[in-house]
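Have a look at run-v9.txt below; it lists compact mmCIF, C-alpha atoms and all ligand atoms.
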# COMPACT_ATOMS: atom_id res chain seq x y z
CA MET A 395 -57.64 22.33 49.32
CA SER A 396 -58.10 18.62 50.01
CA THR A 397 -61.05 19.38 52.37
CA GLU A 398 -62.84 21.18 49.53
CA THR A 399 -62.22 18.26 47.20
CA ASN A 400 -63.66 15.76 49.67
CA ARG A 401 -66.71 17.92 50.42
CA THR A 402 -67.86 17.82 46.81
CA LEU A 403 -67.45 14.04 46.57
CA THR A 404 -69.62 12.88 49.48
CA SER A 405 -73.37 12.40 49.59
CA ALA A 406 -73.42 14.47 52.80
CA ASN A 407 -72.90 17.51 50.60
CA ILE A 408 -76.03 16.85 48.50
CA PRO A 409 -79.51 17.68 49.92
CA PRO A 410 -81.40 14.54 51.07
CA GLU A 411 -84.08 14.91 48.37
CA ARG A 412 -81.34 15.07 45.68
CA HIS A 413 -79.55 11.80 46.43
CA VAL A 414 -80.38 8.15 47.06
CA LYS A 415 -78.18 5.62 48.84
CA VAL A 416 -77.76 2.16 47.35
CA LEU A 417 -75.83 -1.10 47.97
CA GLY A 418 -76.68 -1.07 51.66
CA GLY A 419 -75.47 2.54 52.02
CA GLN A 420 -72.06 1.94 50.43
CA GLY A 421 -72.94 3.68 47.15
CA TRP A 422 -75.11 6.60 46.21
CA VAL A 423 -76.32 8.65 43.28
CA GLY A 424 -77.10 12.36 43.43
CA LEU A 425 -78.85 14.73 41.06
CA VAL A 426 -76.50 17.66 40.44
CA ASP A 427 -78.38 19.60 37.78
CA VAL A 428 -81.38 19.53 35.43
CA LEU A 429 -81.97 21.46 32.22
CA GLY A 430 -85.58 21.66 31.02
CA THR A 431 -88.95 20.31 32.11
CA GLU A 432 -91.73 18.26 30.52
CA THR A 433 -92.96 21.57 29.04
CA THR A 434 -89.59 21.90 27.27
CA LEU A 435 -90.23 18.53 25.62
CA VAL A 436 -93.61 19.53 24.13
CA ASN A 437 -92.26 22.94 23.09
CA ALA A 438 -89.38 21.22 21.29
CA ALA A 439 -91.86 18.91 19.55
CA ARG A 440 -94.09 21.82 18.51
CA VAL A 441 -91.36 24.19 17.35
CA SER A 442 -91.98 23.03 13.79
CA PHE A 443 -95.45 24.68 14.07
CA GLY A 444 -94.04 27.83 15.76
CA LYS A 445 -96.10 27.10 18.92
CA ARG A 446 -95.01 27.35 22.56
CA VAL A 447 -96.75 26.76 25.92
CA SER A 448 -95.69 27.77 29.42
CA SER A 449 -97.47 24.98 31.29
CA LEU A 450 -98.75 21.52 30.39
CA THR A 451 -102.36 20.88 29.33
CA GLU A 452 -104.12 17.53 28.75
CA ARG A 453 -103.35 17.94 25.03
CA ASP A 454 -99.66 18.26 25.83
CA VAL A 455 -99.73 15.07 27.87
CA THR A 456 -101.33 13.32 24.88
CA LEU A 457 -98.51 14.69 22.73
CA LEU A 458 -95.94 13.37 25.22
CA ARG A 459 -97.60 9.95 25.07
CA TYR A 460 -97.49 10.06 21.26
CA LEU A 461 -93.78 10.99 21.24
CA LEU A 462 -92.86 8.16 23.61
CA GLU A 463 -95.06 5.50 22.04
CA HIS A 464 -93.94 6.30 18.49
CA ARG A 465 -90.25 6.67 19.41
CA HIS A 466 -90.30 10.29 18.20
CA THR A 467 -87.28 10.75 20.44
CA SER A 468 -85.48 13.93 19.37
CA PRO A 469 -87.64 16.32 21.51
CA LEU A 470 -86.57 14.24 24.54
CA GLU A 471 -82.98 15.31 23.94
CA HIS A 472 -83.82 18.85 25.13
CA MET A 473 -84.07 17.80 28.77
CA VAL A 474 -80.67 17.07 30.33
CA PHE A 475 -79.64 15.64 33.71
CA THR A 476 -76.30 15.63 35.53
CA PHE A 477 -75.77 12.95 38.19
CA ILE A 478 -72.94 12.27 40.60
CA VAL A 479 -72.40 8.56 41.12
CA HIS A 480 -70.44 6.74 43.83
CA CYS A 481 -70.09 3.08 42.83
CA PRO A 482 -67.67 0.13 42.55
CA LEU A 483 -65.35 0.05 39.53
CA PHE A 484 -67.25 -2.85 37.95
CA VAL A 485 -70.50 -0.84 37.99
CA ARG A 486 -68.59 2.12 36.53
CA SER A 487 -67.39 -0.14 33.67
CA GLN A 488 -70.93 -1.25 32.86
CA TRP A 489 -72.24 2.32 33.09
CA HIS A 490 -69.54 3.78 30.85
CA ARG A 491 -70.54 1.42 28.03
CA HIS A 492 -73.39 3.91 27.54
CA ARG A 493 -71.56 6.16 25.09
CA THR A 494 -74.27 8.79 24.80
CA TRP A 495 -73.49 10.04 28.33
CA SER A 496 -70.69 12.48 29.19
CA TYR A 497 -68.45 11.49 32.10
CA ASN A 498 -65.79 12.93 34.39
CA GLU A 499 -64.28 10.76 37.10
CA ILE A 500 -62.04 11.03 40.14
CA SER A 501 -58.51 10.09 39.09
CA ARG A 502 -56.33 7.75 41.11
CA ARG A 503 -53.40 9.34 39.27
CA TYR A 504 -54.05 12.46 41.37
CA THR A 505 -55.23 11.17 44.73
CA GLU A 506 -54.61 8.25 47.04
CA VAL A 507 -57.12 9.39 49.71
CA ASP A 508 -60.64 8.12 50.48
CA ILE A 509 -60.00 4.58 49.33
CA GLU A 510 -63.06 2.41 50.03
CA PHE A 511 -64.04 -1.07 48.85
CA TYR A 512 -67.51 -2.44 48.20
CA VAL A 513 -68.54 -5.57 50.09
CA PRO A 514 -71.87 -6.96 48.83
CA PRO A 515 -74.64 -6.82 51.46
CA HIS A 516 -75.97 -10.06 49.93
CA VAL A 517 -73.48 -12.44 48.32
CA ARG A 518 -75.08 -14.37 45.45
CA ALA A 519 -74.32 -17.77 43.92
CA GLN A 520 -73.47 -18.31 40.24
CA SER A 521 -76.54 -19.24 38.14
CA ALA A 522 -76.25 -22.79 36.78
CA ASP A 523 -77.99 -22.07 33.46
CA ASN A 524 -77.01 -18.45 32.66
CA ARG A 525 -73.36 -17.43 32.63
CA GLN A 526 -74.27 -13.75 33.14
CA ALA A 527 -76.70 -14.32 36.02
CA SER A 528 -76.61 -14.93 39.76
CA VAL A 529 -79.07 -16.45 42.21
CA ASP A 530 -79.87 -16.00 45.92
CA THR A 531 -79.07 -19.52 47.06
CA LEU A 532 -75.92 -19.08 49.19
CA SER A 533 -76.44 -19.95 52.85
CA ALA A 534 -75.96 -17.20 55.45
CA GLU A 535 -72.78 -18.95 56.67
CA LYS A 536 -71.26 -19.08 53.18
CA GLN A 537 -72.16 -15.43 52.58
CA GLU A 538 -70.44 -14.48 55.83
CA GLU A 539 -67.35 -16.51 54.89
CA ALA A 540 -67.31 -14.88 51.42
CA ARG A 541 -67.60 -11.40 52.89
CA ALA A 542 -64.75 -12.12 55.33
CA ALA A 543 -62.58 -13.32 52.39
CA MET A 544 -63.39 -10.13 50.46
CA HIS A 545 -62.47 -7.94 53.47
CA ALA A 546 -59.17 -9.82 53.76
CA ALA A 547 -58.41 -9.41 50.04
CA HIS A 548 -59.19 -5.68 50.23
CA ARG A 549 -56.97 -5.20 53.28
CA HIS A 550 -54.14 -7.04 51.53
CA ALA A 551 -54.52 -5.00 48.31
CA LEU A 552 -54.52 -1.76 50.30
CA GLU A 553 -51.39 -2.80 52.20
CA ILE A 554 -49.55 -3.54 48.94
CA TYR A 555 -50.78 -0.27 47.44
CA GLN A 556 -49.49 1.68 50.44
CA ARG A 557 -46.20 -0.24 50.37
CA LEU A 558 -45.75 0.67 46.68
CA LEU A 559 -46.42 4.36 47.44
CA ALA A 560 -43.94 4.20 50.36
CA LEU A 561 -41.35 2.76 47.95
CA GLY A 562 -41.88 5.84 45.78
CA VAL A 563 -43.90 4.10 43.05
CA CYS A 564 -46.14 6.56 41.20
CA ARG A 565 -49.90 6.52 41.93
CA GLU A 566 -50.74 5.74 38.31
CA GLN A 567 -48.90 2.38 38.53
CA ALA A 568 -49.57 1.58 42.20
CA ARG A 569 -53.36 1.75 41.60
CA GLY A 570 -53.03 -1.36 39.41
CA VAL A 571 -53.16 -3.57 42.52
CA LEU A 572 -56.52 -2.19 43.69
CA PRO A 573 -59.45 -4.53 42.96
CA GLN A 574 -62.75 -4.14 41.07
CA ASN A 575 -64.55 -3.50 44.37
CA LEU A 576 -62.75 -0.14 44.69
CA MET A 577 -65.31 2.65 44.97
CA THR A 578 -65.09 5.49 42.49
CA THR A 579 -67.00 8.72 41.93
CA PHE A 580 -67.98 10.28 38.63
CA TRP A 581 -70.21 12.93 37.13
CA ALA A 582 -72.50 11.77 34.35
CA THR A 583 -74.61 13.95 32.06
CA VAL A 584 -77.29 12.59 29.74
CA ASP A 585 -80.39 13.71 27.88
CA LEU A 586 -83.79 12.24 28.68
CA ASN A 587 -83.92 10.04 25.58
CA ASN A 588 -80.67 8.28 26.41
CA LEU A 589 -81.52 8.19 30.11
CA LEU A 590 -84.75 6.29 29.31
CA HIS A 591 -82.71 3.88 27.16
CA PHE A 592 -80.22 3.32 30.00
CA LEU A 593 -83.01 2.73 32.53
CA GLU A 594 -84.76 0.26 30.23
CA LEU A 595 -81.55 -1.80 29.96
CA ARG A 596 -80.24 -1.40 33.50
CA ASP A 597 -83.43 -1.62 35.56
CA HIS A 598 -84.09 -4.99 34.03
CA GLU A 599 -83.88 -8.52 35.40
CA GLY A 600 -81.04 -9.25 32.94
CA ALA A 601 -78.86 -6.49 34.46
CA GLN A 602 -76.53 -7.08 37.41
CA TRP A 603 -78.22 -6.41 40.78
CA GLU A 604 -75.70 -3.71 41.70
CA ILE A 605 -76.21 -1.47 38.62
CA ARG A 606 -79.94 -2.13 38.84
CA GLN A 607 -79.95 -0.48 42.27
CA TYR A 608 -78.51 2.67 40.69
CA ALA A 609 -81.07 2.62 37.86
CA GLN A 610 -83.90 2.35 40.40
CA ALA A 611 -82.39 5.18 42.47
CA ILE A 612 -82.27 7.38 39.36
CA LYS A 613 -85.95 6.69 38.71
CA GLN A 614 -86.68 7.79 42.28
CA LEU A 615 -84.70 11.02 41.76
CA VAL A 616 -86.17 12.03 38.40
CA ARG A 617 -89.77 10.76 38.73
CA PRO A 618 -90.97 14.00 40.43
CA LEU A 619 -89.45 16.03 37.56
CA ILE A 620 -91.09 14.00 34.78
CA PRO A 621 -94.30 12.61 36.32
CA HIS A 622 -96.18 12.21 33.01
CA VAL A 623 -93.23 10.60 31.21
CA ALA A 624 -92.76 8.23 34.18
CA GLU A 625 -96.41 7.24 34.05
CA ILE A 626 -96.35 6.74 30.25
CA VAL A 627 -93.23 4.55 30.30
CA GLY A 628 -94.73 2.53 33.18
CA TRP A 629 -92.37 3.23 36.10
C1 LIG B 701 -77.66 -7.05 30.51
C2 LIG B 701 -76.50 -6.53 29.73
C3 LIG B 701 -75.42 -7.35 29.49
C4 LIG B 701 -74.31 -6.87 28.76
N1 LIG B 701 -73.24 -7.68 28.56
C5 LIG B 701 -72.18 -7.23 27.87
C6 LIG B 701 -71.03 -8.06 27.64
O1 LIG B 701 -70.99 -9.21 28.04
N2 LIG B 701 -69.97 -7.55 26.97
C7 LIG B 701 -69.99 -6.27 26.48
O2 LIG B 701 -69.01 -5.86 25.87
N3 LIG B 701 -71.05 -5.45 26.68
C8 LIG B 701 -72.14 -5.89 27.35
N4 LIG B 701 -73.20 -5.07 27.57
C9 LIG B 701 -73.12 -3.68 27.10
C10 LIG B 701 -73.98 -3.47 25.84
O3 LIG B 701 -73.45 -4.21 24.74
C11 LIG B 701 -74.02 -1.98 25.48
O4 LIG B 701 -72.70 -1.54 25.20
C12 LIG B 701 -74.57 -1.12 26.60
O5 LIG B 701 -75.75 -1.67 27.11
C13 LIG B 701 -74.82 0.29 26.08
O6 LIG B 701 -75.96 0.24 25.25
P1 LIG B 701 -76.10 1.19 24.01
O7 LIG B 701 -74.97 1.02 23.06
O8 LIG B 701 -77.47 0.95 23.43
O9 LIG B 701 -76.08 2.63 24.73
P2 LIG B 701 -75.37 3.97 24.25
O10 LIG B 701 -73.92 3.75 24.05
O11 LIG B 701 -75.80 5.02 25.23
O12 LIG B 701 -76.00 4.25 22.85
C14 LIG B 701 -77.42 4.55 22.74
C15 LIG B 701 -77.81 4.28 21.30
O13 LIG B 701 -77.09 5.18 20.45
C16 LIG B 701 -76.71 4.50 19.25
N5 LIG B 701 -75.25 4.45 19.17
C17 LIG B 701 -74.36 4.82 20.12
N6 LIG B 701 -73.10 4.66 19.67
C18 LIG B 701 -73.21 4.16 18.43
C19 LIG B 701 -72.28 3.76 17.44
N7 LIG B 701 -70.95 3.85 17.64
N8 LIG B 701 -72.75 3.29 16.28
C20 LIG B 701 -74.08 3.18 16.03
N9 LIG B 701 -75.02 3.53 16.91
C21 LIG B 701 -74.59 4.02 18.10
C22 LIG B 701 -77.33 3.09 19.34
O14 LIG B 701 -78.60 3.13 18.74
C23 LIG B 701 -77.46 2.87 20.82
O15 LIG B 701 -78.46 1.92 21.18
C24 LIG B 701 -74.32 -5.52 28.27
C25 LIG B 701 -75.42 -4.72 28.53
C26 LIG B 701 -76.50 -5.20 29.24
C27 LIG B 701 -77.68 -4.27 29.51
Take the structure in the file and give it back as structure tokens.
Amino acid sequence: MSTETNRTLTSANIPPERHVKVLGGQGWVGLVDVLGTETTLVNAARVSFGKRVSSLTERDVTLLRYLLEHRHTSPLEHMVFTFIVHCPLFVRSQWHRHRTWSYNEISRRYTEVDIEFYVPPHVRAQSADNRQASVDTLSAEKQEEARAAMHAAHRHALEIYQRLLALGVCREQARGVLPQNLMTTFWATVDLNNLLHFLELRDHEGAQWEIRQYAQAIKQLVRPLIPHVAEIVGW
């Protein structure tokens, strides 16, 4: 039973062309399922005229451009994507602010296996003039020292967690000592309109580097499925 559970929650179980690794290989995002194509989008837009096509023509691409440029967004809601995401808890928190997605996540109330912690491949310094931003100015030595401190904190948190479980403390309370760098896995389903909105906000210089890596990975996964849309929105 537990083997089956683990198999579905690793990138090894997703074909190479359907997942992208991020955060120096510590995280990944996979494409689980897709409903619809670019043809679906133009058919949805034209349903008001009772027209339907089975493949895209130049005219349809012009229509797609019109829809995107004029924010005629409802036809975009007829194409739907499901992703599986493996990321640190703090990325999960930022992601789940996007309320138009549907989510299901591994629960640490049910399992205490496969505990992993994210350690940044590049440790950044705090920006002096923007409280939400970071900069690449830390020396290699300081980055190494920071990473060693993170490893030590993770080891300590895991020891306490295991001690609590050994004492008989329930998983749902013991998990409270695990830090924000804990890796989690969730499914996320979204329509194309809200996906484009997410990517605009999260593949942006104002977004945290870590979530930006996921947004860029998603573009890589979906670009072949929506080549005209990708070109129109300037990816
Ligand atoms: C760079 C950056 C920094 C951020 N910093 C912070 C922060 O410091 N603190 C913080 O709390 N959050 C922060 N956020 C989160 C941000 O406020 C949004 O919650 C998040 O980006 C989701 O955007 P959204 O609401 O547009 O997306 P979704 O929730 O996916 O919604 C998409 C669109 O649907 C509509 N919509 C959805 N729900 C409602 C609703 N209830 N009422 C009306 N319209 C709705 C809106 O038009 C919305 O734009 C940050 C986001 C970014 C990108």
In terms of the shortest atom-to-atom distance over only C-alpha atoms and all ligand atoms, which of A:Asp427, A:Glu539, A:Glu604, A:Asp597 is closest to ligand LIG 701 (chain B)?
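Looking only at the distances to ligand LIG 701 (chain B), the closest residue turns out to be A:Asp597.
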For ligand LIG 701 (chain B), the nearest of the candidates A:Arg596, A:His413, A:Arg486, A:Lys445, counting all atoms listed in the file
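That would be A:Arg596, the residue with the smallest distance to ligand LIG 701 (chain B).
Computed from the coordinates, the atom CA of Arg412 of chain A to atom CA of Thr433 of chain A distance equals 21.3 Å.
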Enumerate residues in contact with ligand LIG 701 (chain B): an atom-to-atom distance of at most 8 Å, counting only C-alpha atoms and all ligand atoms. Format the result as number ranges by chain.
A: 488-495, 526, 588, 591-592, 595-596, 598, 600-602
Near segment 622-624 of chain A, counting all atoms listed in the file, which residues have an atom at most 12 Å away, once you skip same-chain residues fewer than 3 positions from it, shown as a ChimeraX atom specification?
/A:431-433,435-436,450-452,454-463,470,473,586-587,589-590,593-594,612-619,627-629
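Minimum distance to Ala611 of chain A across A:Ala568, A:Val416, A:Val507, A:Ala406 (counting only C-alpha atoms) occurs at A:Val416.
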Any chance you could export segment 504-540 of chain A with N, CA and C atoms, as a PDB file, in the first residue's frame?
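Output (part13.pdb):
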ATOM      1  N   TYR A 504      -1.599  12.068   7.915  1.00  0.00           N
ATOM      2  CA  TYR A 504      -1.711  10.660   7.555  1.00  0.00           C
ATOM      3  C   TYR A 504      -0.368   9.961   7.405  1.00  0.00           C
ATOM      4  N   THR A 505       0.688  10.733   7.094  1.00  0.00           N
ATOM      5  CA  THR A 505       1.955  10.059   6.815  1.00  0.00           C
ATOM      6  C   THR A 505       3.131  10.806   7.434  1.00  0.00           C
ATOM      7  N   GLU A 506       4.107  10.026   7.917  1.00  0.00           N
ATOM      8  CA  GLU A 506       5.324  10.649   8.422  1.00  0.00           C
ATOM      9  C   GLU A 506       6.525  10.207   7.584  1.00  0.00           C
ATOM     10  N   VAL A 507       6.238   9.602   6.390  1.00  0.00           N
ATOM     11  CA  VAL A 507       7.344   9.121   5.549  1.00  0.00           C
ATOM     12  C   VAL A 507       7.733  10.193   4.528  1.00  0.00           C
ATOM     13  N   ASP A 508       8.872   9.961   3.864  1.00  0.00           N
ATOM     14  CA  ASP A 508       9.352  10.825   2.776  1.00  0.00           C
ATOM     15  C   ASP A 508       9.525  12.272   3.192  1.00  0.00           C
ATOM     16  N   ILE A 509      10.035  12.499   4.391  1.00  0.00           N
ATOM     17  CA  ILE A 509      10.251  13.882   4.809  1.00  0.00           C
ATOM     18  C   ILE A 509      11.550  14.408   4.182  1.00  0.00           C
ATOM     19  N   GLU A 510      11.421  15.512   3.439  1.00  0.00           N
ATOM     20  CA  GLU A 510      12.602  16.134   2.816  1.00  0.00           C
ATOM     21  C   GLU A 510      12.538  17.631   3.088  1.00  0.00           C
ATOM     22  N   PHE A 511      13.693  18.267   3.139  1.00  0.00           N
ATOM     23  CA  PHE A 511      13.755  19.713   3.340  1.00  0.00           C
ATOM     24  C   PHE A 511      14.505  20.370   2.192  1.00  0.00           C
ATOM     25  N   TYR A 512      14.006  21.511   1.778  1.00  0.00           N
ATOM     26  CA  TYR A 512      14.652  22.302   0.722  1.00  0.00           C
ATOM     27  C   TYR A 512      15.833  23.081   1.293  1.00  0.00           C
ATOM     28  N   VAL A 513      16.961  23.002   0.576  1.00  0.00           N
ATOM     29  CA  VAL A 513      18.108  23.854   0.912  1.00  0.00           C
ATOM     30  C   VAL A 513      18.431  24.643  -0.353  1.00  0.00           C
ATOM     31  N   PRO A 514      18.334  25.971  -0.312  1.00  0.00           N
ATOM     32  CA  PRO A 514      18.496  26.767  -1.537  1.00  0.00           C
ATOM     33  C   PRO A 514      19.834  26.504  -2.227  1.00  0.00           C
ATOM     34  N   PRO A 515      19.823  26.254  -3.542  1.00  0.00           N
ATOM     35  CA  PRO A 515      21.091  26.078  -4.257  1.00  0.00           C
ATOM     36  C   PRO A 515      21.908  27.368  -4.255  1.00  0.00           C
ATOM     37  N   HIS A 516      21.209  28.526  -4.253  1.00  0.00           N
ATOM     38  CA  HIS A 516      21.892  29.823  -4.133  1.00  0.00           C
ATOM     39  C   HIS A 516      21.222  30.547  -2.980  1.00  0.00           C
ATOM     40  N   VAL A 517      21.987  30.911  -1.972  1.00  0.00           N
ATOM     41  CA  VAL A 517      21.414  31.651  -0.835  1.00  0.00           C
ATOM     42  C   VAL A 517      21.561  33.144  -1.155  1.00  0.00           C
ATOM     43  N   ARG A 518      20.450  33.879  -1.025  1.00  0.00           N
ATOM     44  CA  ARG A 518      20.456  35.293  -1.418  1.00  0.00           C
ATOM     45  C   ARG A 518      20.482  36.195  -0.186  1.00  0.00           C
ATOM     46  N   ALA A 519      20.930  37.431  -0.394  1.00  0.00           N
ATOM     47  CA  ALA A 519      20.941  38.425   0.686  1.00  0.00           C
ATOM     48  C   ALA A 519      19.629  39.216   0.646  1.00  0.00           C
ATOM     49  N   GLN A 520      19.264  39.829   1.787  1.00  0.00           N
ATOM     50  CA  GLN A 520      18.084  40.679   1.860  1.00  0.00           C
ATOM     51  C   GLN A 520      18.336  41.961   1.061  1.00  0.00           C
ATOM     52  N   SER A 521      17.374  42.362   0.226  1.00  0.00           N
ATOM     53  CA  SER A 521      17.492  43.636  -0.492  1.00  0.00           C
ATOM     54  C   SER A 521      17.432  44.788   0.512  1.00  0.00           C
ATOM     55  N   ALA A 522      18.254  45.805   0.291  1.00  0.00           N
ATOM     56  CA  ALA A 522      18.281  46.941   1.231  1.00  0.00           C
ATOM     57  C   ALA A 522      17.104  47.871   1.011  1.00  0.00           C
ATOM     58  N   ASP A 523      16.563  47.939  -0.230  1.00  0.00           N
ATOM     59  CA  ASP A 523      15.534  48.947  -0.496  1.00  0.00           C
ATOM     60  C   ASP A 523      14.146  48.355  -0.780  1.00  0.00           C
ATOM     61  N   ASN A 524      14.008  47.020  -0.725  1.00  0.00           N
ATOM     62  CA  ASN A 524      12.696  46.406  -0.978  1.00  0.00           C
ATOM     63  C   ASN A 524      12.524  45.252   0.007  1.00  0.00           C
ATOM     64  N   ARG A 525      11.558  45.420   0.918  1.00  0.00           N
ATOM     65  CA  ARG A 525      11.405  44.416   1.977  1.00  0.00           C
ATOM     66  C   ARG A 525      11.005  43.044   1.452  1.00  0.00           C
ATOM     67  N   GLN A 526      10.407  43.007   0.217  1.00  0.00           N
ATOM     68  CA  GLN A 526       9.965  41.723  -0.331  1.00  0.00           C
ATOM     69  C   GLN A 526      11.014  41.099  -1.253  1.00  0.00           C
ATOM     70  N   ALA A 527      12.164  41.774  -1.433  1.00  0.00           N
ATOM     71  CA  ALA A 527      13.082  41.303  -2.475  1.00  0.00           C
ATOM     72  C   ALA A 527      14.407  40.796  -1.892  1.00  0.00           C
ATOM     73  N   SER A 528      15.135  40.051  -2.735  1.00  0.00           N
ATOM     74  CA  SER A 528      16.447  39.548  -2.330  1.00  0.00           C
ATOM     75  C   SER A 528      17.430  39.817  -3.453  1.00  0.00           C
ATOM     76  N   VAL A 529      18.711  39.780  -3.112  1.00  0.00           N
ATOM     77  CA  VAL A 529      19.749  40.085  -4.106  1.00  0.00           C
ATOM     78  C   VAL A 529      20.873  39.053  -4.007  1.00  0.00           C
ATOM     79  N   ASP A 530      21.600  38.901  -5.114  1.00  0.00           N
ATOM     80  CA  ASP A 530      22.662  37.875  -5.191  1.00  0.00           C
ATOM     81  C   ASP A 530      24.004  38.445  -4.771  1.00  0.00           C
ATOM     82  N   THR A 531      24.113  38.886  -3.525  1.00  0.00           N
ATOM     83  CA  THR A 531      25.374  39.524  -3.131  1.00  0.00           C
ATOM     84  C   THR A 531      26.128  38.759  -2.041  1.00  0.00           C
ATOM     85  N   LEU A 532      25.563  37.621  -1.586  1.00  0.00           N
ATOM     86  CA  LEU A 532      26.253  36.876  -0.513  1.00  0.00           C
ATOM     87  C   LEU A 532      27.476  36.168  -1.078  1.00  0.00           C
ATOM     88  N   SER A 533      28.586  36.249  -0.363  1.00  0.00           N
ATOM     89  CA  SER A 533      29.805  35.566  -0.816  1.00  0.00           C
ATOM     90  C   SER A 533      29.577  34.055  -0.789  1.00  0.00           C
ATOM     91  N   ALA A 534      30.404  33.329  -1.546  1.00  0.00           N
ATOM     92  CA  ALA A 534      30.304  31.863  -1.583  1.00  0.00           C
ATOM     93  C   ALA A 534      30.476  31.286  -0.183  1.00  0.00           C
ATOM     94  N   GLU A 535      31.395  31.871   0.608  1.00  0.00           N
ATOM     95  CA  GLU A 535      31.647  31.346   1.967  1.00  0.00           C
ATOM     96  C   GLU A 535      30.395  31.519   2.834  1.00  0.00           C
ATOM     97  N   LYS A 536      29.777  32.710   2.748  1.00  0.00           N
ATOM     98  CA  LYS A 536      28.585  32.949   3.578  1.00  0.00           C
ATOM     99  C   LYS A 536      27.431  32.042   3.138  1.00  0.00           C
ATOM    100  N   GLN A 537      27.317  31.826   1.836  1.00  0.00           N
ATOM    101  CA  GLN A 537      26.260  30.920   1.350  1.00  0.00           C
ATOM    102  C   GLN A 537      26.476  29.521   1.917  1.00  0.00           C
ATOM    103  N   GLU A 538      27.731  29.071   1.905  1.00  0.00           N
ATOM    104  CA  GLU A 538      28.041  27.730   2.400  1.00  0.00           C
ATOM    105  C   GLU A 538      27.698  27.625   3.875  1.00  0.00           C
ATOM    106  N   GLU A 539      28.072  28.697   4.633  1.00  0.00           N
ATOM    107  CA  GLU A 539      27.796  28.710   6.082  1.00  0.00           C
ATOM    108  C   GLU A 539      26.276  28.701   6.311  1.00  0.00           C
ATOM    109  N   ALA A 540      25.541  29.463   5.497  1.00  0.00           N
ATOM    110  CA  ALA A 540      24.077  29.522   5.639  1.00  0.00           C
ATOM    111  C   ALA A 540      23.455  28.164   5.345  1.00  0.00           C
TER     112      ALA A 540
END
